[in-house]
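Chemist: Below is one structure. I have some questions about it.
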Protein chains: 4
Amino acid sequence: MAPVQILKFPISSPGDTSPLQKIQEAGYDPSQILAVVGKTEGNGCVNDFSRTLASAVWEPLIPADAVTVFSGGTEGVLSPHVTFFLRETGDATTGLSASVGHTRTLAPHEVGTEEQTRQVATTVAQLIRQMDVTPEQVHLVLVKCPLLTSDKLQAIRAQGRVPITSDTYESMARSRYASAIGIAAALGEVPEGGVPAIMRPGQGEHHWSAKASCSSGAELDDCHILVLASSSPTSSSSPPREQRLHAVSRPMADAMDAASILHLLDQVRKDDGEVLQVFAKAEADPSGRVRGFRHTMNTDSDIHSTRHARAAVGGLIAGLVSDAQIYVSGGGEGQGPSGGGSLCLVYRTPG
Amino acid sequence: MAPVQILKFPISSPGDTSPLQKIQEAGYDPSQILAVVGKTEGNGCVNDFSRTLASAVWEPLIPADAVTVFSGGTEGVLSPHVTFFLRETGDATTGLSASVGHTRTLAPHEVGTEEQTRQVATTVAQLIRQMDVTPEQVHLVLVKCPLLTSDKLQAIRAQGRVPITSDTYESMARSRYASAIGIAAALGEVPEGGVPAIMRPGQGEHHWSAKASCSSGAELDDCHILVLASSSPTSSSSPPREQRLHAVSRPMADAMDAASILHLLDQVRKDDGEVLQVFAKAEADPSGRVRGFRHTMNTDSDIHSTRHARAAVGGLIAGLVSDAQIYVSGGGEGQGPSGGGSLCLVYRTPG
Amino acid sequence: MAPVQILKFPISSPGDTSPLQKIQEAGYDPSQILAVVGKTEGNGCVNDFSRTLASAVWEPLIPADAVTVFSGGTEGVLSPHVTFFLRETGDATTGLSASVGHTRTLAPHEVGTEEQTRQVATTVAQLIRQMDVTPEQVHLVLVKCPLLTSDKLQAIRAQGRVPITSDTYESMARSRYASAIGIAAALGEVPEGGVPAIMRPGQGEHHWSAKASCSSGAELDDCHILVLASSSPTSSSSPPREQRLHAVSRPMADAMDAASILHLLDQVRKDDGEVLQVFAKAEADPSGRVRGFRHTMNTDSDIHSTRHARAAVGGLIAGLVSDAQIYVSGGGEGQGPSGGGSLCLVYRTPG
Amino acid sequence: MAPVQILKFPISSPGDTSPLQKIQEAGYDPSQILAVVGKTEGNGCVNDFSRTLASAVWEPLIPADAVTVFSGGTEGVLSPHVTFFLRETGDATTGLSASVGHTRTLAPHEVGTEEQTRQVATTVAQLIRQMDVTPEQVHLVLVKCPLLTSDKLQAIRAQGRVPITSDTYESMARSRYASAIGIAAALGEVPEGGVPAIMRPGQGEHHWSAKASCSSGAELDDCHILVLASSSPTSSSSPPREQRLHAVSRPMADAMDAASILHLLDQVRKDDGEVLQVFAKAEADPSGRVRGFRHTMNTDSDIHSTRHARAAVGGLIAGLVSDAQIYVSGGGEGQGPSGGGSLCLVYRTPG
């Protein structure tokens, strides 16, 4: 199990790789990079080339077995940045461990299907075994997964197949959901053997993982996966002295769920800790109402609902943690309860 | 001075006037309506016809001397609604008083200029005198003011004049600023006689009113104005028993200023009160940074910065007050500190 | 059969009803209005309140049995305007006849389904019988039909039903398609009894009407229908001298089909005619390619494809007819060949 | 003077460099690349990272003295592609010559100012001298020039300077205009010594170059420039037999100016030629009217006017030339008459 350090830096544009020098100034070598996880300033939707640009500039700079996860969309106060997950060397322990991997390339017709779910489940399960942690110790599983472009739709039809959807934006939701259920399966959050039934069309989205954070993009054809876990078994007691980094998680019930955020922040305060990073999913409640109030995110044909959701939830969390360089990703299908989303805080306590 | 009641109802669309029946069910007559203040679900920008529609359906239903103020844009979790300011009859006191009026029609070339500032200042000053309150008792001055359409720009040029801007979206900001400085002048927040210097081009936006909330629209040619004040002189002590409605205000320093909101909510809690409505202004910090973090609201050419700001600040406030039917308006020029915005809470205490 | 006159006027905003005076100045009485068909300057999508505003201001001004059809979206050079279909009085003949009607109110769960198709087919067939024209004489069937809002989706789910789509924008396409197949059925363009098979899910969109022009909106719950026909049997020969108004139609094969437009314009020129109005449907080819070239309308998550299509086809037609006050409507499902759209020109010849 | 060949290829995404292999298959070596001019599928505005991505992937692949010009925005039917300007080797003549260069890096406060105009004018004049052509032989001057981001605005203010505009989107227009006037000065289209007066604030945009096509972007800090000329003196007679490539130009008077396009196409037809590429500028007429019709491009707060204009003019030209891989760029300030834009056709005649 690899103990990890987490460092975070602003970027001046999606193509800005100057943080590489910053990690070196902090005493790390690029070979220690396990993952570069970033928020870039595109629309976070189908034609978000800010993600593609970030992938194109970062991938040559990181180890072959490291992964990138770029989530587009820094609506509202959200600020573009990259978060490094760095392997600690020697016998250092940090309290956090992480592992990364990827699935095989998915054929266009597999995107958003049960097959994607299976591939993600298999890879996540492998990573957890490698890390030698229990599902309870896992607080975050980040997945970057493919979507359907017009070209991929055409390729599917050319094979005589029917695409799961002919709407490219909708394919992002399907892909996120397929990944999320894969995570839920690997973590035991859905019944063993239950995946086929869950992924059957028309089954709604009643199943979810509390730890999943999935983001779709046109910049890749496989799924990039990162699992983040606490080194020590989860407990409500304060952490051992020698542990410096901590992850806590608790899904937001809806996009206005300040209480869940404040609950985790209370834990940080009790430990005299400092928040390093927040990973949150946000979505427009598909019912058209949030806490009983009609919202208009699903009827706004000028701005996609994922953009609205990131802006609102990002505004709430950024205000509460007083940090705008947070990872808030849009589209919470299967990643926390419907209308809400998974939420994970990483914090540091004094040594 | 007219004691006012405040009632708030959801609307199912900008054209929904069913709340009229709701105020009747609550024992009020339409003749008691002083103002209908609403959030409608358009883009809140130049071509927001949700505001025009709301004005068109409401204006025939309210007294001739009542005003409408419709602010477009319910981004993120914000929920479309209308707030009625209703004259209490008899010798009832509520703790709150309000007065409404409007300026003369502004010629296109006057929009956003010192002349608009003067007209607003004059009307606001008159309303305050009529209410017999001190500037300190005033907690909110709402203004709905005109903007420049292509047709108005053409009319200006046809007179051989140079428009203050040829960008219709930018004209909204100019109009809001002109109104805000008018309010500041009437409330004594800018030096007497200082308006000409402040409104001179290139003077930046260093001056502001802590009570101003201004919104521009194509649906009117004059300025609609509402002044809201506490009946009793402002003091830090708890309100007299007989007062049931209260207004408190304190500008947000920036779009992440949870502290100011929590500060006002503390006051509500101390008084054992219940929040009825929040009036907030939100803007993308013109410096391109919020609390030191680079934001992308001013470089996003797909979504105007006012939409971003409403979504983010709306998400923060809605989460903290657990209410999505709040009045969050975008574009804070002169309405609170740069990058922040005015903030007013109205709450009710047990009788 | 009612001979009709067609008059067209610019509007300064969706709420502008000044053209009513213009038709009076032209010698017509409002009681002669059969239909007001307009292009308004909203986004033409789900939250287009410019259509709702136009409906709200016009409906009180027209006869009870007249209909409104407002199509949102004046992208590019397209110019907001209204076209009146006016009943000629006495025994005047104009060469054109029109008839209008509407279906019963459709329940939310019926929108976009075979039931909508049946209702439209029945009404169109009735109108054609009333007009006593053959299907070949019909050159345009305009339908304005409902869409699914978040509230309607919720109502459907509350009944335990599954909506045809949970995407409000997508519901517009479904509704247009259902209406178009209804028109095709009434005109005999699809095999008798073939509707159930055509409307079965997954059947693709291989069927279409060459005369259909359907537009969805949140401003109505039934379907408004207008049928336009030539008084005389269709023939390739020049029209009889006494006929002054003419309609010709020919679907565009794709969004770049200048040839079809030029073909109809040739006919106008041969007749020494003057184009009064063009009615065209435009869509982004669902294959992702137009004439073999990859287009990006279906992967642009900032602008919906219907807006792109209106802008492009509007630019082409407006340039060719030198008129920007044309009726170009987006979303051509079942209204002409896939990727193309129905096209109808109305022109006047010297008396 | 370098005779050039022009080859054009589709791209599957902004990061697609596969056309490099295509030019090799066509017998050219990458060292012969003079310029890569492309249309990429971003929004063509401030945050268009499709341009940045294309620059990032192409610049390492082309000679050090070659330039890239990527114009974002393939609205409507426009199709993403790249056009290569390739140096012919040996003593081949093609009928066309081109030369490329760039200005020095512009400091943020110089963007959009007279200094940018001077730099562009100087470089264009140099290129024309090198090519040994007369201004009349020049049919196109392409410039890619910088814009102001929030960071650049902040840098300007940090120096105590006032930016020419604080609106990042507006800075694109200022930069294009400054470049266009530089081109006009170099080509003698504005009076010698007249630049300072023309660039003075408030002078309107009455001056223009009929050959300029300027595009702004955040992806560069200097100006990239390409001059395209006919090898032989311009004349109305048919070209000499040995000439195979030809450029003709004639500004569009407005966005509906089909006549100008058809005029150039007539010339192509007379020469029995085949259109290789079209270079056009498009803009929303700043008067708010096109050919007397009110347009809504300048009041649409959801879609910037440059996007509207590209879609409409692109739709018109693509339809007329039956080619969607054309270079239509938005924002025509100083590049053709107000509301119109420069237009250049390159065509090939049989050998």
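Ligands are numbered from 1 in the order shown, residues from 1 within each chain, and chains are lettered A, B, ... in the order they appear in the structure tokens.
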Select, as a ChimeraX atom specification, those residues of chain D with any atom no more than 8 Å from chain B (distances computed using only C-alpha atoms).
Modeler: /D:43,45-47,149-151,153-154,167-169,287-288,298-304
Chemist: Would you mind exporting the chosen residues as a PDB file, in the first residue's frame, restricted to N, CA, C and O atoms?
Modeler:
ATOM      1  N   ASN D  43     -15.748  27.888 -29.102  1.00  0.00           N
ATOM      2  CA  ASN D  43     -16.733  28.969 -29.225  1.00  0.00           C
ATOM      3  C   ASN D  43     -16.180  30.168 -29.974  1.00  0.00           C
ATOM      4  O   ASN D  43     -16.904  31.135 -30.221  1.00  0.00           O
ATOM      5  N   CYS D  45     -14.396  32.378 -28.920  1.00  0.00           N
ATOM      6  CA  CYS D  45     -14.372  33.563 -28.063  1.00  0.00           C
ATOM      7  C   CYS D  45     -13.178  33.475 -27.114  1.00  0.00           C
ATOM      8  O   CYS D  45     -12.162  32.869 -27.448  1.00  0.00           O
ATOM      9  N   VAL D  46     -13.312  34.101 -25.959  1.00  0.00           N
ATOM     10  CA  VAL D  46     -12.170  34.230 -25.057  1.00  0.00           C
ATOM     11  C   VAL D  46     -11.671  32.864 -24.565  1.00  0.00           C
ATOM     12  O   VAL D  46     -10.485  32.563 -24.627  1.00  0.00           O
ATOM     13  N   ASN D  47     -12.586  32.056 -24.065  1.00  0.00           N
ATOM     14  CA  ASN D  47     -12.190  30.776 -23.474  1.00  0.00           C
ATOM     15  C   ASN D  47     -12.290  29.623 -24.474  1.00  0.00           C
ATOM     16  O   ASN D  47     -12.818  28.565 -24.166  1.00  0.00           O
ATOM     17  N   THR D 149      -6.997  38.644 -21.289  1.00  0.00           N
ATOM     18  CA  THR D 149      -7.604  37.757 -20.302  1.00  0.00           C
ATOM     19  C   THR D 149      -7.698  38.517 -18.973  1.00  0.00           C
ATOM     20  O   THR D 149      -7.180  39.623 -18.846  1.00  0.00           O
ATOM     21  N   SER D 150      -8.339  37.911 -17.989  1.00  0.00           N
ATOM     22  CA  SER D 150      -8.389  38.536 -16.659  1.00  0.00           C
ATOM     23  C   SER D 150      -6.989  38.765 -16.121  1.00  0.00           C
ATOM     24  O   SER D 150      -6.704  39.802 -15.516  1.00  0.00           O
ATOM     25  N   ASP D 151      -6.092  37.817 -16.368  1.00  0.00           N
ATOM     26  CA  ASP D 151      -4.719  37.968 -15.882  1.00  0.00           C
ATOM     27  C   ASP D 151      -4.011  39.138 -16.553  1.00  0.00           C
ATOM     28  O   ASP D 151      -3.292  39.894 -15.898  1.00  0.00           O
ATOM     29  N   LEU D 153      -5.479  41.751 -17.875  1.00  0.00           N
ATOM     30  CA  LEU D 153      -6.105  42.978 -17.371  1.00  0.00           C
ATOM     31  C   LEU D 153      -5.494  43.355 -16.024  1.00  0.00           C
ATOM     32  O   LEU D 153      -5.187  44.531 -15.770  1.00  0.00           O
ATOM     33  N   GLN D 154      -5.308  42.348 -15.185  1.00  0.00           N
ATOM     34  CA  GLN D 154      -4.737  42.589 -13.863  1.00  0.00           C
ATOM     35  C   GLN D 154      -3.305  43.119 -13.990  1.00  0.00           C
ATOM     36  O   GLN D 154      -2.906  44.039 -13.270  1.00  0.00           O
ATOM     37  N   ASP D 167     -13.615  44.365 -20.584  1.00  0.00           N
ATOM     38  CA  ASP D 167     -14.449  43.252 -21.019  1.00  0.00           C
ATOM     39  C   ASP D 167     -13.586  42.369 -21.924  1.00  0.00           C
ATOM     40  O   ASP D 167     -13.151  42.808 -22.990  1.00  0.00           O
ATOM     41  N   THR D 168     -13.362  41.139 -21.491  1.00  0.00           N
ATOM     42  CA  THR D 168     -12.423  40.286 -22.228  1.00  0.00           C
ATOM     43  C   THR D 168     -12.923  39.973 -23.646  1.00  0.00           C
ATOM     44  O   THR D 168     -12.124  39.930 -24.584  1.00  0.00           O
ATOM     45  N   TYR D 169     -14.220  39.787 -23.801  1.00  0.00           N
ATOM     46  CA  TYR D 169     -14.765  39.511 -25.133  1.00  0.00           C
ATOM     47  C   TYR D 169     -14.597  40.740 -26.042  1.00  0.00           C
ATOM     48  O   TYR D 169     -14.223  40.620 -27.208  1.00  0.00           O
ATOM     49  N   SER D 287     -25.239  48.189 -36.157  1.00  0.00           N
ATOM     50  CA  SER D 287     -26.428  49.054 -36.129  1.00  0.00           C
ATOM     51  C   SER D 287     -27.639  48.310 -35.595  1.00  0.00           C
ATOM     52  O   SER D 287     -28.674  48.907 -35.318  1.00  0.00           O
ATOM     53  N   GLY D 288     -27.546  46.986 -35.466  1.00  0.00           N
ATOM     54  CA  GLY D 288     -28.694  46.208 -35.001  1.00  0.00           C
ATOM     55  C   GLY D 288     -29.632  45.844 -36.143  1.00  0.00           C
ATOM     56  O   GLY D 288     -30.667  45.220 -35.926  1.00  0.00           O
ATOM     57  N   ASN D 298     -27.042  41.223 -31.431  1.00  0.00           N
ATOM     58  CA  ASN D 298     -26.386  42.085 -30.440  1.00  0.00           C
ATOM     59  C   ASN D 298     -27.157  42.187 -29.126  1.00  0.00           C
ATOM     60  O   ASN D 298     -26.708  42.865 -28.198  1.00  0.00           O
ATOM     61  N   THR D 299     -28.306  41.565 -29.055  1.00  0.00           N
ATOM     62  CA  THR D 299     -29.064  41.579 -27.795  1.00  0.00           C
ATOM     63  C   THR D 299     -29.249  40.170 -27.256  1.00  0.00           C
ATOM     64  O   THR D 299     -29.957  39.979 -26.280  1.00  0.00           O
ATOM     65  N   ASP D 300     -28.609  39.217 -27.882  1.00  0.00           N
ATOM     66  CA  ASP D 300     -28.702  37.841 -27.394  1.00  0.00           C
ATOM     67  C   ASP D 300     -27.607  37.620 -26.363  1.00  0.00           C
ATOM     68  O   ASP D 300     -26.424  37.519 -26.698  1.00  0.00           O
ATOM     69  N   SER D 301     -27.996  37.560 -25.110  1.00  0.00           N
ATOM     70  CA  SER D 301     -27.010  37.400 -24.039  1.00  0.00           C
ATOM     71  C   SER D 301     -26.649  35.930 -23.807  1.00  0.00           C
ATOM     72  O   SER D 301     -25.881  35.631 -22.900  1.00  0.00           O
ATOM     73  N   ASP D 302     -27.185  35.026 -24.605  1.00  0.00           N
ATOM     74  CA  ASP D 302     -26.830  33.615 -24.469  1.00  0.00           C
ATOM     75  C   ASP D 302     -25.763  33.194 -25.469  1.00  0.00           C
ATOM     76  O   ASP D 302     -24.976  32.296 -25.202  1.00  0.00           O
ATOM     77  N   ILE D 303     -25.780  33.813 -26.632  1.00  0.00           N
ATOM     78  CA  ILE D 303     -24.823  33.466 -27.688  1.00  0.00           C
ATOM     79  C   ILE D 303     -24.183  34.760 -28.172  1.00  0.00           C
ATOM     80  O   ILE D 303     -24.892  35.685 -28.566  1.00  0.00           O
ATOM     81  N   HIS D 304     -22.857  34.803 -28.155  1.00  0.00           N
ATOM     82  CA  HIS D 304     -22.191  36.022 -28.603  1.00  0.00           C
ATOM     83  C   HIS D 304     -22.412  36.249 -30.093  1.00  0.00           C
ATOM     84  O   HIS D 304     -22.561  35.293 -30.866  1.00  0.00           O
TER      85      HIS D 304
END
Chemist: I want to know what sits within 8 Å of B:Arg250, based on only C-alpha atoms, with residues of the same chain fewer than 5 positions away left out; could you give that as a list in words?
Modeler: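 That gives Ala210, Ser260, Leu264, Ser342, Leu343 and Cys344 of chain B.
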Chemist: Quick one: pick out all alpha helix (DSSP H) residues within stretch 51-106 of chain C from a backbone DSSP run and write them as a PyMOL selection string.
Modeler: chain C and resi 51-58
Chemist: Next, the residues of the selection above should be written as a compact mmCIF listing (two decimals), in the first residue's frame with C-alpha atoms.
Modeler:
# COMPACT_ATOMS: atom_id res chain seq x y z
CA ARG C 51 -43.13 32.59 -27.25
CA THR C 52 -45.20 32.63 -24.07
CA LEU C 53 -45.14 36.42 -24.01
CA ALA C 54 -46.21 36.65 -27.64
CA SER C 55 -49.04 34.19 -27.04
CA ALA C 56 -50.15 36.09 -23.95
CA VAL C 57 -50.38 39.43 -25.74
CA TRP C 58 -51.85 38.19 -29.03
Chemist: What's around B:Arg174 at 8 Å? Count only C-alpha atoms, leave out sequence neighbours fewer than 5 positions away in its own chain, and write the answer as a list in words.
Modeler: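 Result of the neighbour search: Val111, Gly112 and Thr113 of chain B.
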Chemist: For the residues in that selection, give me N, CA and C atoms as a compact mmCIF listing (two decimals), in the first residue's frame.
Modeler:
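Contents of result-v8.txt, as written:
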# COMPACT_ATOMS: atom_id res chain seq x y z
N VAL B 111 -29.74 56.74 -20.05
CA VAL B 111 -29.55 55.48 -19.33
C VAL B 111 -28.08 55.31 -18.93
N GLY B 112 -27.87 55.07 -17.68
CA GLY B 112 -26.52 54.80 -17.20
C GLY B 112 -25.69 56.04 -16.92
N THR B 113 -26.33 57.20 -17.02
CA THR B 113 -25.58 58.44 -16.86
C THR B 113 -25.88 59.11 -15.52
Chemist: Could you check how far atom CA of A:Ser230 sits from atom CA of A:Gly95, in Å to one decimal?
Modeler: 5.9 Å
Chemist: What's around D:Ala66 at 12 Å? Count only C-alpha atoms, leave out sequence neighbours fewer than 3 positions away in its own chain, and write the answer as a PDB file with C-alpha atoms, in the first residue's frame.
Modeler:
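Okay, this is what ended up in out_20.pdb:
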ATOM      1  CA  PRO D  30       6.463  19.022 -43.478  1.00  0.00           C
ATOM      2  CA  SER D  31       9.440  21.326 -44.033  1.00  0.00           C
ATOM      3  CA  GLN D  32       7.467  22.912 -46.870  1.00  0.00           C
ATOM      4  CA  ILE D  33       4.721  24.067 -44.509  1.00  0.00           C
ATOM      5  CA  LEU D  34       4.440  27.820 -44.498  1.00  0.00           C
ATOM      6  CA  ALA D  35       1.249  27.991 -42.496  1.00  0.00           C
ATOM      7  CA  VAL D  36      -1.445  25.827 -40.939  1.00  0.00           C
ATOM      8  CA  VAL D  37      -4.701  27.721 -40.990  1.00  0.00           C
ATOM      9  CA  TRP D  58       0.715  21.635 -34.418  1.00  0.00           C
ATOM     10  CA  GLU D  59       3.503  24.009 -33.484  1.00  0.00           C
ATOM     11  CA  PRO D  60       6.052  21.265 -32.686  1.00  0.00           C
ATOM     12  CA  LEU D  61       5.362  19.715 -36.103  1.00  0.00           C
ATOM     13  CA  ILE D  62       5.955  22.666 -38.397  1.00  0.00           C
ATOM     14  CA  PRO D  63       9.075  24.639 -39.335  1.00  0.00           C
ATOM     15  CA  VAL D  69      -3.697  30.593 -37.468  1.00  0.00           C
ATOM     16  CA  PHE D  84      -1.976  24.062 -45.438  1.00  0.00           C
ATOM     17  CA  PHE D  85      -0.051  26.726 -47.274  1.00  0.00           C
ATOM     18  CA  LEU D  86       2.890  24.789 -48.703  1.00  0.00           C
ATOM     19  CA  ARG D  87       6.027  26.172 -50.356  1.00  0.00           C
ATOM     20  CA  ALA D  98       2.329  33.587 -49.812  1.00  0.00           C
ATOM     21  CA  SER D  99       4.573  34.810 -47.090  1.00  0.00           C
ATOM     22  CA  VAL D 100       4.306  34.578 -43.331  1.00  0.00           C
ATOM     23  CA  GLY D 101       5.767  36.358 -40.328  1.00  0.00           C
ATOM     24  CA  HIS D 102       4.948  37.646 -36.924  1.00  0.00           C
ATOM     25  CA  HIS D 224       0.873  35.678 -36.650  1.00  0.00           C
ATOM     26  CA  ILE D 225       0.540  37.009 -40.187  1.00  0.00           C
ATOM     27  CA  LEU D 226       0.026  35.472 -43.604  1.00  0.00           C
TER      28      LEU D 226
END
